[in-house]
$ cat run-v5.txt   # compact mmCIF, C-alpha atoms and all ligand atoms
# COMPACT_ATOMS: atom_id res chain seq x y z
CA MET A 1 -115.58 -19.12 2.56
CA ASP A 2 -118.88 -17.42 3.33
CA SER A 3 -118.27 -14.44 1.10
CA PHE A 4 -118.36 -16.75 -1.94
CA ARG A 5 -121.74 -18.27 -1.16
CA PRO A 6 -123.82 -15.78 -3.23
CA LEU A 7 -121.58 -16.57 -6.17
CA PHE A 8 -122.28 -20.30 -5.89
CA THR A 9 -125.99 -19.54 -6.01
CA LEU A 10 -125.42 -17.64 -9.26
CA PHE A 11 -123.46 -20.61 -10.62
CA GLU A 12 -126.47 -22.81 -9.89
CA GLN A 13 -129.04 -20.43 -11.35
CA TYR A 14 -127.47 -19.10 -14.52
CA GLN A 15 -125.88 -20.45 -17.65
CA THR A 16 -124.32 -17.53 -19.54
CA PHE A 17 -121.49 -15.43 -18.14
CA ALA A 18 -119.28 -12.61 -19.35
CA ILE A 19 -116.01 -11.60 -17.73
CA SER A 20 -114.22 -8.27 -17.97
CA THR A 21 -111.51 -6.23 -16.25
CA HIS A 22 -109.95 -2.78 -16.21
CA VAL A 23 -108.45 -0.93 -19.18
CA ASN A 24 -104.71 -1.51 -19.71
CA PRO A 25 -105.01 -4.94 -18.10
CA ASP A 26 -102.04 -6.17 -16.08
CA GLY A 27 -100.90 -9.64 -15.02
CA ASP A 28 -103.40 -9.82 -12.19
CA ALA A 29 -106.31 -8.69 -14.35
CA ILE A 30 -105.59 -11.13 -17.18
CA GLY A 31 -104.47 -14.02 -14.96
CA SER A 32 -107.63 -13.69 -12.86
CA GLU A 33 -109.88 -13.50 -15.92
CA LEU A 34 -108.37 -16.62 -17.48
CA ALA A 35 -108.53 -18.66 -14.27
CA PHE A 36 -112.14 -17.60 -13.69
CA TYR A 37 -112.94 -18.42 -17.32
CA GLN A 38 -111.59 -21.95 -16.85
CA LEU A 39 -113.59 -22.43 -13.65
CA LEU A 40 -116.83 -21.42 -15.38
CA LYS A 41 -116.06 -23.64 -18.36
CA LYS A 42 -115.61 -26.60 -16.02
CA LEU A 43 -118.97 -25.78 -14.50
CA GLY A 44 -120.41 -26.18 -18.00
CA LYS A 45 -121.20 -22.50 -18.53
CA THR A 46 -121.21 -20.46 -21.70
CA VAL A 47 -118.47 -17.90 -21.04
CA LYS A 48 -117.07 -14.92 -22.94
CA ILE A 49 -114.28 -12.55 -21.94
CA TYR A 50 -114.37 -8.99 -23.26
CA ASN A 51 -111.63 -6.43 -22.66
CA THR A 52 -111.25 -2.88 -23.86
CA ASP A 53 -107.52 -3.32 -24.47
CA LEU A 54 -105.68 -6.14 -26.16
CA VAL A 55 -103.68 -8.70 -24.22
CA PRO A 56 -100.11 -7.31 -24.04
CA LYS A 57 -97.57 -9.50 -25.80
CA LYS A 58 -95.85 -10.44 -22.53
CA TYR A 59 -99.03 -12.19 -21.34
CA GLN A 60 -99.60 -14.09 -24.55
CA PHE A 61 -97.98 -17.17 -23.00
CA LEU A 62 -100.95 -17.65 -20.69
CA PRO A 63 -103.30 -20.52 -21.56
CA TYR A 64 -106.58 -19.44 -23.21
CA TRP A 65 -105.47 -15.83 -23.75
CA LYS A 66 -106.89 -16.03 -27.27
CA ASN A 67 -110.34 -16.38 -25.74
CA ILE A 68 -110.17 -12.76 -24.63
CA GLU A 69 -112.25 -10.86 -27.17
CA ASP A 70 -112.41 -7.27 -28.24
CA ALA A 71 -115.01 -5.04 -26.55
CA LYS A 72 -116.96 -4.58 -29.81
CA ALA A 73 -117.56 -8.35 -30.04
CA SER A 74 -119.75 -8.09 -26.94
CA LYS A 75 -122.54 -6.66 -29.12
CA ASP A 76 -123.50 -10.20 -30.12
CA PHE A 77 -123.75 -11.61 -26.59
CA CYS A 78 -126.09 -10.84 -23.75
CA PRO A 79 -124.96 -12.66 -20.60
CA GLU A 80 -127.13 -13.38 -17.58
CA VAL A 81 -124.22 -12.57 -15.29
CA LEU A 82 -121.32 -10.17 -15.78
CA VAL A 83 -118.24 -10.72 -13.60
CA ILE A 84 -115.90 -7.74 -13.33
CA LEU A 85 -112.47 -8.46 -11.91
CA ASP A 86 -109.83 -6.17 -10.38
CA ALA A 87 -111.48 -3.03 -11.75
CA SER A 88 -112.14 -0.67 -8.76
CA SER A 89 -115.12 0.86 -10.56
CA ARG A 90 -117.62 -0.11 -13.23
CA GLU A 91 -116.36 2.61 -15.58
CA ARG A 92 -112.81 1.25 -15.53
CA ILE A 93 -113.78 -1.59 -17.86
CA GLY A 94 -113.85 1.10 -20.55
CA PRO A 95 -116.52 3.37 -22.05
CA PHE A 96 -117.92 0.93 -24.62
CA LEU A 97 -118.20 -2.06 -22.27
CA SER A 98 -119.58 -0.11 -19.33
CA LYS A 99 -122.32 1.22 -21.60
CA HIS A 100 -123.11 -1.86 -23.70
CA LEU A 101 -122.18 -4.97 -21.74
CA ILE A 102 -125.26 -5.18 -19.54
CA PRO A 103 -126.21 -8.56 -18.05
CA THR A 104 -129.85 -9.56 -17.71
CA HIS A 105 -129.53 -10.65 -14.07
CA ALA A 106 -126.49 -9.65 -12.07
CA VAL A 107 -123.15 -7.88 -11.95
CA VAL A 108 -120.50 -9.50 -9.76
CA ASN A 109 -117.59 -7.36 -8.62
CA ILE A 110 -114.47 -9.16 -7.36
CA ASP A 111 -111.61 -6.93 -6.27
CA HIS A 112 -108.85 -6.37 -3.74
CA HIS A 113 -108.38 -2.61 -4.10
CA ILE A 114 -108.95 -0.72 -0.89
CA THR A 115 -110.72 2.00 -2.89
CA ALA A 116 -112.96 -0.47 -4.77
CA GLU A 117 -116.55 0.70 -5.18
CA ASP A 118 -119.58 -1.47 -4.36
CA PHE A 119 -120.88 -1.18 -7.91
CA GLY A 120 -122.00 -4.81 -8.29
CA ASP A 121 -125.16 -6.59 -7.26
CA TYR A 122 -122.69 -8.90 -5.54
CA ASN A 123 -119.43 -7.45 -4.26
CA ILE A 124 -116.55 -9.60 -3.11
CA ILE A 125 -113.98 -7.04 -2.05
CA ILE A 126 -111.10 -8.33 0.05
CA PRO A 127 -108.49 -5.58 0.59
CA THR A 128 -106.26 -7.90 2.61
CA ALA A 129 -105.78 -10.12 -0.45
CA SER A 130 -102.57 -9.42 -2.36
CA SER A 131 -104.33 -9.61 -5.69
CA THR A 132 -107.56 -10.56 -7.38
CA ALA A 133 -105.80 -13.79 -8.35
CA GLU A 134 -105.47 -14.63 -4.64
CA ILE A 135 -109.24 -14.21 -4.24
CA ILE A 136 -109.93 -16.38 -7.30
CA TYR A 137 -107.57 -19.01 -5.88
CA LYS A 138 -109.60 -19.12 -2.65
CA LEU A 139 -112.83 -19.15 -4.62
CA ILE A 140 -111.77 -22.16 -6.70
CA LYS A 141 -110.43 -23.88 -3.56
CA SER A 142 -113.85 -23.57 -1.97
CA THR A 143 -115.47 -25.44 -4.87
CA GLN A 144 -115.19 -29.17 -5.55
CA ILE A 145 -113.19 -28.42 -8.68
CA PRO A 146 -109.44 -28.93 -8.42
CA ILE A 147 -107.13 -26.19 -9.71
CA ASP A 148 -105.46 -27.54 -12.85
CA LYS A 149 -102.08 -26.74 -14.40
CA ALA A 150 -103.36 -24.06 -16.75
CA SER A 151 -105.29 -22.19 -14.03
CA ALA A 152 -102.33 -22.46 -11.65
CA LEU A 153 -100.06 -20.71 -14.14
CA CYS A 154 -102.62 -17.91 -14.68
CA LEU A 155 -103.14 -17.37 -10.96
CA TYR A 156 -99.42 -17.46 -10.17
CA THR A 157 -98.82 -14.79 -12.82
CA GLY A 158 -101.46 -12.60 -11.18
CA LEU A 159 -99.96 -13.08 -7.73
CA MET A 160 -96.45 -12.45 -8.96
CA PHE A 161 -97.39 -9.29 -10.81
CA ASP A 162 -99.42 -7.61 -8.07
CA THR A 163 -96.84 -8.31 -5.38
CA GLY A 164 -94.00 -6.96 -7.54
CA CYS A 165 -92.51 -10.45 -7.63
CA PHE A 166 -93.26 -10.94 -3.93
CA ARG A 167 -91.37 -7.80 -2.93
CA TYR A 168 -94.27 -5.57 -1.77
CA SER A 169 -95.81 -5.54 1.68
CA ASN A 170 -98.96 -7.21 0.33
CA ALA A 171 -96.98 -10.45 -0.13
CA THR A 172 -98.03 -12.10 3.14
CA PRO A 173 -97.03 -15.54 4.41
CA GLU A 174 -100.36 -16.72 3.00
CA THR A 175 -99.53 -15.27 -0.41
CA HIS A 176 -96.27 -17.19 -0.41
CA ARG A 177 -98.06 -20.40 0.63
CA ILE A 178 -100.55 -19.94 -2.21
CA ALA A 179 -97.69 -19.28 -4.64
CA ALA A 180 -95.95 -22.48 -3.48
CA ASP A 181 -99.17 -24.44 -3.98
CA LEU A 182 -99.62 -22.99 -7.47
CA ILE A 183 -96.03 -23.80 -8.47
CA GLU A 184 -96.55 -27.39 -7.32
CA ILE A 185 -99.86 -27.77 -9.11
CA GLY A 186 -98.79 -25.93 -12.23
CA ASP A 187 -95.45 -27.66 -12.61
CA PHE A 188 -93.99 -24.55 -14.27
CA ALA A 189 -90.65 -22.87 -13.66
CA PRO A 190 -91.20 -19.58 -11.77
CA ASP A 191 -88.05 -18.11 -13.34
CA GLU A 192 -89.55 -18.69 -16.78
CA VAL A 193 -92.74 -16.90 -15.80
CA TYR A 194 -90.61 -14.00 -14.55
CA CYS A 195 -88.69 -14.01 -17.81
CA GLN A 196 -91.92 -13.93 -19.88
CA VAL A 197 -93.33 -10.97 -17.98
CA TYR A 198 -90.22 -8.88 -17.27
CA GLU A 199 -87.41 -9.83 -19.60
CA GLN A 200 -88.95 -9.42 -23.01
CA VAL A 201 -88.39 -5.68 -23.03
CA PRO A 202 -88.37 -4.07 -26.48
CA LEU A 203 -85.30 -1.93 -27.16
CA GLU A 204 -87.59 1.07 -27.76
CA LYS A 205 -88.69 0.93 -24.13
CA ILE A 206 -85.09 1.12 -22.94
CA HIS A 207 -84.61 4.21 -25.14
CA LEU A 208 -87.71 5.75 -23.57
CA LEU A 209 -86.43 4.91 -20.08
CA GLY A 210 -83.15 6.65 -20.93
CA GLN A 211 -84.96 9.81 -22.00
CA THR A 212 -87.31 9.64 -19.01
CA LEU A 213 -84.52 9.43 -16.45
CA GLN A 214 -83.10 12.65 -17.92
CA THR A 215 -86.25 14.41 -16.66
CA LEU A 216 -85.74 13.29 -13.04
CA GLU A 217 -86.29 16.00 -10.44
CA LEU A 218 -86.34 15.89 -6.65
CA THR A 219 -87.38 18.21 -3.86
CA PRO A 220 -84.38 19.70 -2.00
CA ASP A 221 -84.81 17.19 0.85
CA GLY A 222 -84.78 14.35 -1.70
CA LYS A 223 -88.01 12.86 -0.35
CA ILE A 224 -90.16 13.42 -3.43
CA ALA A 225 -88.93 12.44 -6.89
CA TRP A 226 -90.69 12.74 -10.20
CA ILE A 227 -90.19 11.90 -13.85
CA LEU A 228 -92.06 13.10 -16.91
CA ILE A 229 -93.04 11.30 -20.09
CA THR A 230 -94.40 13.50 -22.86
CA GLN A 231 -96.22 12.54 -26.06
CA SER A 232 -93.25 13.75 -28.09
CA MET A 233 -90.93 11.39 -26.16
CA LEU A 234 -93.31 8.51 -26.95
CA ASN A 235 -93.41 9.50 -30.62
CA GLU A 236 -89.67 9.90 -30.87
CA THR A 237 -88.92 6.51 -29.33
CA LYS A 238 -91.87 4.80 -31.09
CA THR A 239 -93.34 3.67 -27.77
CA THR A 240 -96.75 3.90 -26.10
CA LEU A 241 -97.99 4.64 -22.60
CA ASP A 242 -97.95 0.89 -21.88
CA ASP A 243 -94.16 1.01 -22.11
CA VAL A 244 -94.04 3.35 -19.12
CA GLU A 245 -95.04 0.52 -16.77
CA GLY A 246 -92.40 0.00 -14.10
CA PHE A 247 -90.57 3.32 -14.61
CA VAL A 248 -91.87 4.76 -11.35
CA ASN A 249 -90.24 1.88 -9.43
CA GLN A 250 -86.84 2.94 -10.78
CA ILE A 251 -87.02 6.27 -8.96
CA GLN A 252 -88.75 4.85 -5.90
CA ALA A 253 -85.52 2.91 -5.41
CA ILE A 254 -83.53 6.12 -4.74
CA GLU A 255 -82.46 5.94 -1.11
CA SER A 256 -83.88 9.29 0.08
CA VAL A 257 -87.22 8.94 -1.70
CA GLU A 258 -90.50 8.59 0.23
CA ILE A 259 -92.84 9.37 -2.68
CA ALA A 260 -92.11 8.59 -6.33
CA ILE A 261 -94.24 10.20 -9.01
CA CYS A 262 -94.46 9.26 -12.66
CA VAL A 263 -96.15 11.93 -14.77
CA CYS A 264 -97.45 11.11 -18.26
CA GLU A 265 -98.81 13.56 -20.75
CA LEU A 266 -101.94 12.06 -22.35
CA PRO A 267 -102.96 12.61 -25.99
CA ASP A 268 -105.86 14.88 -24.91
CA GLY A 269 -103.47 17.17 -23.04
CA SER A 270 -104.46 15.96 -19.58
CA THR A 271 -102.04 14.17 -17.26
CA LYS A 272 -101.82 10.67 -15.83
CA ILE A 273 -100.04 10.29 -12.51
CA SER A 274 -98.67 7.10 -10.92
CA LEU A 275 -97.61 7.23 -7.29
CA ARG A 276 -95.44 4.95 -5.17
CA SER A 277 -94.68 5.23 -1.49
CA GLU A 278 -91.78 3.82 0.45
CA GLY A 279 -94.34 2.94 3.14
CA ARG A 280 -94.67 5.94 5.43
CA VAL A 281 -96.99 8.03 3.25
CA ASN A 282 -100.39 6.71 2.16
CA VAL A 283 -100.42 7.50 -1.55
CA ALA A 284 -103.99 6.16 -1.94
CA ALA A 285 -105.04 9.19 0.14
CA LEU A 286 -102.85 11.46 -1.98
CA ALA A 287 -104.40 10.10 -5.19
CA ALA A 288 -107.88 10.44 -3.70
CA GLU A 289 -107.37 14.22 -3.49
CA PHE A 290 -107.39 14.11 -7.29
CA ASP A 291 -110.25 11.58 -7.54
CA GLY A 292 -107.83 8.73 -8.06
CA GLY A 293 -107.31 5.57 -6.06
CA GLY A 294 -105.29 2.43 -5.47
CA HIS A 295 -103.31 1.05 -2.58
CA GLU A 296 -101.44 2.73 0.28
CA ARG A 297 -98.12 2.18 -1.46
CA ALA A 298 -99.17 2.24 -5.12
CA SER A 299 -101.86 4.45 -6.54
CA GLY A 300 -102.72 6.73 -9.42
CA CYS A 301 -104.92 9.55 -10.64
CA ARG A 302 -105.64 11.72 -13.63
CA ILE A 303 -105.35 15.51 -13.51
CA ASN A 304 -107.15 17.64 -16.04
CA LEU A 305 -104.21 20.01 -16.56
CA PRO A 306 -101.18 20.09 -18.86
CA CYS A 307 -98.32 18.07 -17.39
CA VAL A 308 -96.21 20.94 -16.07
CA ALA A 309 -99.16 22.41 -14.15
CA ALA A 310 -100.15 18.93 -12.98
CA ILE A 311 -96.65 18.36 -11.57
CA LYS A 312 -96.99 21.55 -9.53
CA GLU A 313 -100.30 20.36 -8.07
CA ILE A 314 -99.25 16.83 -7.24
CA VAL A 315 -95.84 17.80 -5.84
CA SER A 316 -97.35 20.46 -3.59
CA SER A 317 -99.92 17.96 -2.25
CA ALA A 318 -97.19 15.37 -1.82
CA LYS A 319 -95.17 17.88 0.23
CA GLN A 320 -98.09 18.25 2.64
CA HIS A 321 -98.24 14.49 3.08
CA ILE A 322 -94.48 14.43 3.74
CA GLN A 323 -94.87 17.17 6.37
CA GLN A 324 -97.40 15.03 8.23
CA ILE A 325 -94.88 12.23 8.71
CA CYS A 326 -91.96 14.44 9.73
MN MN B 1 -104.87 -6.42 -8.96

$ encode --input "run-v5.txt" --output "structure tokens" --more "lines below"
Ligand SMILES: [Mn+2]
Amino acid sequence: MDSFRPLFTLFEQYQTFAISTHVNPDGDAIGSELAFYQLLKKLGKTVKIYNTDLVPKKYQFLPYWKNIEDAKASKDFCPEVLVILDASSRERIGPFLSKHLIPTHAVVNIDHHITAEDFGDYNIIIPTASSTAEIIYKLIKSTQIPIDKASALCLYTGLMFDTGCFRYSNATPETHRIAADLIEIGDFAPDEVYCQVYEQVPLEKIHLLGQTLQTLELTPDGKIAWILITQSMLNETKTTLDDVEGFVNQIQAIESVEIAICVCELPDGSTKISLRSEGRVNVAALAAEFDGGGHERASGCRINLPCVAAIKEIVSSAKQHIQQIC
């Protein structure tokens, strides 16, 4: 693929690489990092992976996950090339890394988010790809290096996560073909991967979900639904913001709902919003009104207001988007 050619030149020219991804890394972020790490290793490079946040327990079955180092460790390493995966913007790798992890020669930005910024010296942004893992798959395929079992498992996990287990509209026929290829190469059981990622839920998270569903509210027409997670709910159930992942999908499943909104109170008093659309409203555009981003059907933003005021803002904007489709 032509878009990968500049990257191959970098592979020829440079020896030391660092890899990073966005804060709160998900299956796509970590799977892509680990597959890319293995590719660079096979090319004989010196490679380090630095993330702001730790690898969540549910991804600690992935090969080489222990090679992901803490952001602070990057102080001792100055790469020639920094590869940032799945991050949308340079800042999303976290404050410490975006300030201190500076390569001597080039930043490479590989992403599939429609709102991804061109922050790299080389930008490979493919919004039609289901996931960054899908892009890394194509990248490895265009080299002479075969995808091995370990990389196949990492890439499959990325694909599975970003397509919501192949349920979202980004799961194209091509995505399914790639998944089939990865299952064959990787010789793993897809149901076991699913189980690792989705069925190791701590009981505390279920308690938090119970409390969260008590906060459910809908507009009178039932088209917009929202839930609220406060710091005191997190404290009471001994959970963290990471445990909120997936909650928004629960209310998106309500039959009348066009837009589902998950509202989280952050420790600094501001508010994090996750948005899901049933398909008719572009929630990337809705998030963009609040300087957020993402995909047409899944996006997010941060609002610098206490949660109750933030709900008012986001719900009133969401209503305008609903009006446009009616
Ligand atoms: Mn992704």

$ residues_near_ligand --input "run-v5.txt" --ligand "ligand MN 1 (chain B)" --cutoff "6 Å" --atoms "only C-alpha atoms and all ligand atoms" --output "list in words"
Asp28, Asp86, Ser131, Thr132 and Asp162 of chain A

$ residues_around --input "run-v5.txt" --residues "region 263-279 of chain A" --least-positions-apart "5" --cutoff "8 Å" --atoms "all atoms listed in the file" --output "short mmCIF file (atom, residue, chain, number, x, y, z; two decimals) with C-alpha atoms, in the frame of the given file"
data_model
loop_
_atom_site.label_atom_id
_atom_site.label_comp_id
_atom_site.auth_asym_id
_atom_site.auth_seq_id
_atom_site.Cartn_x
_atom_site.Cartn_y
_atom_site.Cartn_z
CA TRP A 226 -90.69 12.74 -10.20
CA ILE A 227 -90.19 11.90 -13.85
CA LEU A 228 -92.06 13.10 -16.91
CA ILE A 229 -93.04 11.30 -20.09
CA THR A 230 -94.40 13.50 -22.86
CA GLN A 231 -96.22 12.54 -26.06
CA LEU A 241 -97.99 4.64 -22.60
CA VAL A 248 -91.87 4.76 -11.35
CA ASN A 249 -90.24 1.88 -9.43
CA GLN A 252 -88.75 4.85 -5.90
CA VAL A 257 -87.22 8.94 -1.70
CA GLU A 258 -90.50 8.59 0.23
CA ALA A 287 -104.40 10.10 -5.19
CA GLU A 296 -101.44 2.73 0.28
CA ARG A 297 -98.12 2.18 -1.46
CA ALA A 298 -99.17 2.24 -5.12
CA SER A 299 -101.86 4.45 -6.54
CA GLY A 300 -102.72 6.73 -9.42
CA CYS A 301 -104.92 9.55 -10.64
CA ARG A 302 -105.64 11.72 -13.63
CA ILE A 303 -105.35 15.51 -13.51
CA ASN A 304 -107.15 17.64 -16.04
CA LEU A 305 -104.21 20.01 -16.56
CA PRO A 306 -101.18 20.09 -18.86
CA CYS A 307 -98.32 18.07 -17.39
CA ALA A 310 -100.15 18.93 -12.98
CA ILE A 311 -96.65 18.36 -11.57
#

$ residues_around --input "run-v5.txt" --residues "Leu10 (chain A)" --least-positions-apart "3" --cutoff "12 Å" --atoms "all atoms listed in the file" --output "PDB file with C-alpha atoms, in the coordinates of the input"
ATOM      1  CA  PHE A   4    -118.360 -16.750  -1.940  1.00  0.00           C
ATOM      2  CA  ARG A   5    -121.740 -18.270  -1.160  1.00  0.00           C
ATOM      3  CA  PRO A   6    -123.820 -15.780  -3.230  1.00  0.00           C
ATOM      4  CA  LEU A   7    -121.580 -16.570  -6.170  1.00  0.00           C
ATOM      5  CA  GLN A  13    -129.040 -20.430 -11.350  1.00  0.00           C
ATOM      6  CA  TYR A  14    -127.470 -19.100 -14.520  1.00  0.00           C
ATOM      7  CA  GLN A  15    -125.880 -20.450 -17.650  1.00  0.00           C
ATOM      8  CA  THR A  16    -124.320 -17.530 -19.540  1.00  0.00           C
ATOM      9  CA  PHE A  17    -121.490 -15.430 -18.140  1.00  0.00           C
ATOM     10  CA  LEU A  40    -116.830 -21.420 -15.380  1.00  0.00           C
ATOM     11  CA  LEU A  43    -118.970 -25.780 -14.500  1.00  0.00           C
ATOM     12  CA  LYS A  45    -121.200 -22.500 -18.530  1.00  0.00           C
ATOM     13  CA  GLU A  80    -127.130 -13.380 -17.580  1.00  0.00           C
ATOM     14  CA  VAL A  81    -124.220 -12.570 -15.290  1.00  0.00           C
ATOM     15  CA  LEU A  82    -121.320 -10.170 -15.780  1.00  0.00           C
ATOM     16  CA  VAL A  83    -118.240 -10.720 -13.600  1.00  0.00           C
ATOM     17  CA  HIS A 105    -129.530 -10.650 -14.070  1.00  0.00           C
ATOM     18  CA  ALA A 106    -126.490  -9.650 -12.070  1.00  0.00           C
ATOM     19  CA  VAL A 107    -123.150  -7.880 -11.950  1.00  0.00           C
ATOM     20  CA  VAL A 108    -120.500  -9.500  -9.760  1.00  0.00           C
ATOM     21  CA  ASP A 121    -125.160  -6.590  -7.260  1.00  0.00           C
ATOM     22  CA  TYR A 122    -122.690  -8.900  -5.540  1.00  0.00           C
TER      23      TYR A 122
END

$ closest_atom_pairs --input "run-v5.txt" --of "region 82-166 of chain A" --to "region 197-209 of chain A" --cutoff "12 Å" --atoms "all atoms listed in the file" --output "CSV"
residue,atom,partner,partner_atom,distance
A:Tyr156,CA,A:Val197,CA,11.8
A:Thr157,CA,A:Val197,CA,8.4
A:Gly158,CA,A:Val197,CA,10.7
A:Met160,CA,A:Val197,CA,9.7
A:Phe161,CA,A:Val197,CA,8.4
A:Gly164,CA,A:Tyr198,CA,10.6
A:Cys165,CA,A:Tyr198,CA,10.0

$ closest_residue --input "run-v5.txt" --among "A:Gln38, A:Thr237, A:Ser316, A:Thr219" --to "Leu153 (chain A)" --atoms "only C-alpha atoms"
A:Gln38

$ atom_distance --input "run-v5.txt" --atom1 "CA of Arg177 (chain A)" --atom2 "CA of Leu155 (chain A)"
13.0 Å

$ closest_residue --input "run-v5.txt" --among "A:Ile126, A:Ala71, A:Ala35, A:Ala18" --to "Ile49 (chain A)" --atoms "all atoms listed in the file"
A:Ala18

$ residues_around --input "run-v5.txt" --residues "Ser130 (chain A)" --least-positions-apart "4" --cutoff "10 Å" --atoms "only C-alpha atoms" --output "PyMOL selection string"
chain A and resi 28+112-113+126+134-135+158-163+166+168-172+174-175

$ residues_around --input "run-v5.txt" --residues "Phe77 (chain A)" --least-positions-apart "6" --cutoff "12 Å" --atoms "only C-alpha atoms" --output "JSON, numbers by chain"
{"A": [16, 17, 18, 19, 46, 47, 48, 49, 50, 69, 71, 97, 100, 101, 102, 103, 104]}

$ residues_around --input "run-v5.txt" --residues "Lys141 (chain A)" --least-positions-apart "3" --cutoff "12 Å" --atoms "only C-alpha atoms" --output "MDAnalysis selection string"
chainID A and resid 1 4 39 134:138 144:148 151:152 178 181:182

$ atom_distance --input "run-v5.txt" --atom1 "CA of Ile261 (chain A)" --atom2 "CA of Val308 (chain A)"
13.0 Å

$ atom_distance --input "run-v5.txt" --atom1 "CA of Ala260 (chain A)" --atom2 "CA of Glu117 (chain A)"
25.7 Å
